[in-house]
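So the structure is just underneath, and the comments pick up after that.
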Amino acid sequence: MEILVAVIAFAGALMAAVAAGALIQRLRDESEGWLIAWTVAVVALCLSLGVIGIGYIFGFGAVTFRLYQVTGSMLVPLWLAVGLIQLLAEKVPPRFLAWLFGIALTIVAGTIMIFDPLKAEVTGKVLPAGSNFWGIFPNYLLIGVHAIAVVVMLAMLAVAGFKWRQGDEYDTDNMHAALVIVPSGLALVGAMRFTVAALFTTALLVVAGAAVWYTVLRPLAPYEDDDEDDFGPDHDERSPRRDDRSQRRDERAQHHEERPMHRDQGPVRPDQGPMQPQPGHRGMPEPVPGAPGLPPSPPRRPSGLGDLVAEYRAGDQEVDYAARMAPQPDSGPATGYIMNGAPPMGQAPVQRPDYAMPGTGAVYPGAEMLSPAAQQQPASSKPSPSIYGLLTVFTLMDGAGEAFDRLAEATVEAVRRGEPDTLVYACHAVKSAPLQRIVYELYRDEVAYRDHQRQPHVERFVNERQSMVLATNVIELNVNAAKVVPLPTAMY
């Protein structure tokens, strides 16, 4: 049994050393607080497991006992808890207090545990229990550290769960990390506080190290675009995940009363920061036949991460319905400037051939722009302030590009035919990122946007794209100036 425990301990120490090296390497690029705290915990795990392996081969003594207790029993639970606070706290004071408390407790408790005399001499090749050898002060100090670590970890798990229910992808990743770290930390504290088999205690130390490594590699891994050329000119300019996480944390600290979105970061108003949806989902209208070329619509399933548009509220501004229903003083467009090259007053416009709309998703549904009455209006110096715009960036699953393009093309055709108040609805592919699509939308006002959301072809677009989309980012727009003309059409 001693040999088995020693082998497990040395294997775990090797794994923890590799994990510590990976964490330190990542620290060179990202100086996140949770990453620093968990690096301390993994280094402590490596030392504790190495000491256990040495003790089961050569026997335990006072030095090995103190190292095992300081690292495995005190440092690991404490810094796992500090790391959770650094990960989940959105404001600076809690993170600063966690650092202050963790460093102070490490220095004070470590000094006492190193220099306080033991009650008895530590001998043998059996994992020593701390309560049998510590004096009054170190023993109660360890009890306090364990109690604080347990309370903090449970509290952070509750915080992560609360944010996950209302949150976005970052909150989902944080919940994933908490579900991995907290159980392993609690089990480790239990093994240190109560008498359990040495094999079980050693295995729990190994599991704690593996849990931290897995968490940093998977749910908290940095985002990278697999389709981008790592040696391209923009490689050094790509924003790492830490920038997005830090920016989002600062924004949510400033707007903590607002609810977060369900993916990436919520729509951003130029003057207000992230806009957030109200809880719940809007109802779905009765299914109707979709646009030609679409497969039969599957039954609606609950909205998942990445379906922002269907759950995104049109905004907090009140809409003047009476003003919207009132007749316009002219029939000119509300999108900005009149097209260049308009004929002189009183001269009939040149009739243009009505080609089919392009298959790229680019649409200009305001056909009234080409009418004589529209072209005879004086040029507007500023677009209507009621115009409502969105820019949505979709990151697609590998291999889903063609299916998404077909779905988007059919949706755009349905928008063109049935939504006169949708001024621009264009779907773009990104040349440098084959797995990204950008949808640009302009509506006459927010009422038109809500009408658009209720259309059956939009519901179908939202439902069927869920299996194709990996991530979605929505940005809310204001139109300051614009020139909009019909796009050239494909003639074939």
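Residue numbers start at 1 in each chain; chains themselves are named A, B, ... in the order of the structure tokens; ligands are numbered from 1 in the order shown.
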
**Request:** With a distance cut-off of 12 Å and only C-alpha atoms, select the neighbouring residues of Gln25 in chain A, excluding the residue or stretch itself and same-chain residues fewer than 5 positions from it, and output the selection as a PyMOL selection string.
**Result:** chain A and resi 18-20+30-31+35-36+39+216

**Prompt:** Skipping near chain neighbours, those fewer than 4 positions away, what residues fall within 9 Å of Asp173 in chain A using only C-alpha atoms, listed as a VMD selection string?
**Reply:** chain A and resid 164 168 to 169 177 to 178 218 to 220

**Request:** Extract, using only C-alpha atoms, all DNA, RNA and protein residues at most 9 Å from Val393 in chain A, discarding same-chain residues fewer than 6 positions from it, and format them as a ChimeraX atom specification.
**Result:** /A:436-440,471-475

Restricting the output to N, CA and C atoms, write the selected residues as a tab-separated table (two decimals), in the first residue's frame.
```
chain	number	residue	atom	x	y	z
A	436	GLN	N	-17.27	33.25	-40.03
A	436	GLN	CA	-18.02	34.37	-39.47
A	436	GLN	C	-18.99	34.93	-40.50
A	437	ARG	N	-20.15	35.34	-40.00
A	437	ARG	CA	-21.14	36.04	-40.81
A	437	ARG	C	-21.57	37.27	-40.03
A	438	ILE	N	-21.81	38.36	-40.74
A	438	ILE	CA	-22.23	39.62	-40.12
A	438	ILE	C	-23.57	40.01	-40.73
A	439	VAL	N	-24.55	40.25	-39.88
A	439	VAL	CA	-25.87	40.70	-40.33
A	439	VAL	C	-26.05	42.15	-39.89
A	440	TYR	N	-26.31	43.01	-40.85
A	440	TYR	CA	-26.49	44.44	-40.60
A	440	TYR	C	-27.96	44.77	-40.82
A	471	ALA	N	-21.16	31.10	-31.52
A	471	ALA	CA	-21.20	32.29	-30.67
A	471	ALA	C	-21.83	33.44	-31.46
A	472	THR	N	-22.41	34.37	-30.72
A	472	THR	CA	-23.08	35.52	-31.34
A	472	THR	C	-22.73	36.77	-30.55
A	473	ASN	N	-22.46	37.85	-31.28
A	473	ASN	CA	-22.18	39.14	-30.66
A	473	ASN	C	-23.06	40.19	-31.32
A	474	VAL	N	-23.84	40.92	-30.52
A	474	VAL	CA	-24.78	41.90	-31.04
A	474	VAL	C	-24.38	43.29	-30.57
A	475	ILE	N	-24.36	44.24	-31.50
A	475	ILE	CA	-24.03	45.63	-31.20
A	475	ILE	C	-25.19	46.49	-31.66
```

**Prompt:** Leaving out Gly61 in chain A and any residue of its chain fewer than 4 positions from it, which residues lie within 8 Å of it when counting only C-alpha atoms, given as a PyMOL selection string?
**Reply:** chain A and resi 55+65+121-124

Kindly export the residues of the current selection with C-alpha atoms, as a short mmCIF file (atom, residue, chain, number, x, y, z; two decimals), in the first residue's frame.
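What ended up in again-v2.cif:
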```
data_model
loop_
_atom_site.label_atom_id
_atom_site.label_comp_id
_atom_site.auth_asym_id
_atom_site.auth_seq_id
_atom_site.Cartn_x
_atom_site.Cartn_y
_atom_site.Cartn_z
CA GLY A 55 7.45 10.34 3.19
CA PHE A 65 5.08 16.97 8.05
CA GLU A 121 7.75 13.56 17.20
CA VAL A 122 6.66 12.63 13.68
CA THR A 123 7.98 9.23 12.55
CA GLY A 124 6.97 6.34 10.32
#
```

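Nearest to Gly12 in chain A of all the residues A:Ser73, A:Thr202, A:Ser131, A:Thr195 is A:Thr202, based on only C-alpha atoms.
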
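Among the candidates A:Gly21, A:Pro456, A:Pro420, A:Gly33, the residue lying nearest to Ala89 in chain A is A:Gly33 (atoms considered: only C-alpha atoms).
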
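Of the residues under consideration (A:Gln466, A:Ser384, A:Asn139, A:Ser48), A:Ser384 shows the shortest atom-to-atom contact distance to Leu442 in chain A when counting only C-alpha atoms.
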
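Across the model, the gap from CA of His428 in chain A to CA of Asn478 in chain A is 19.6 Å.
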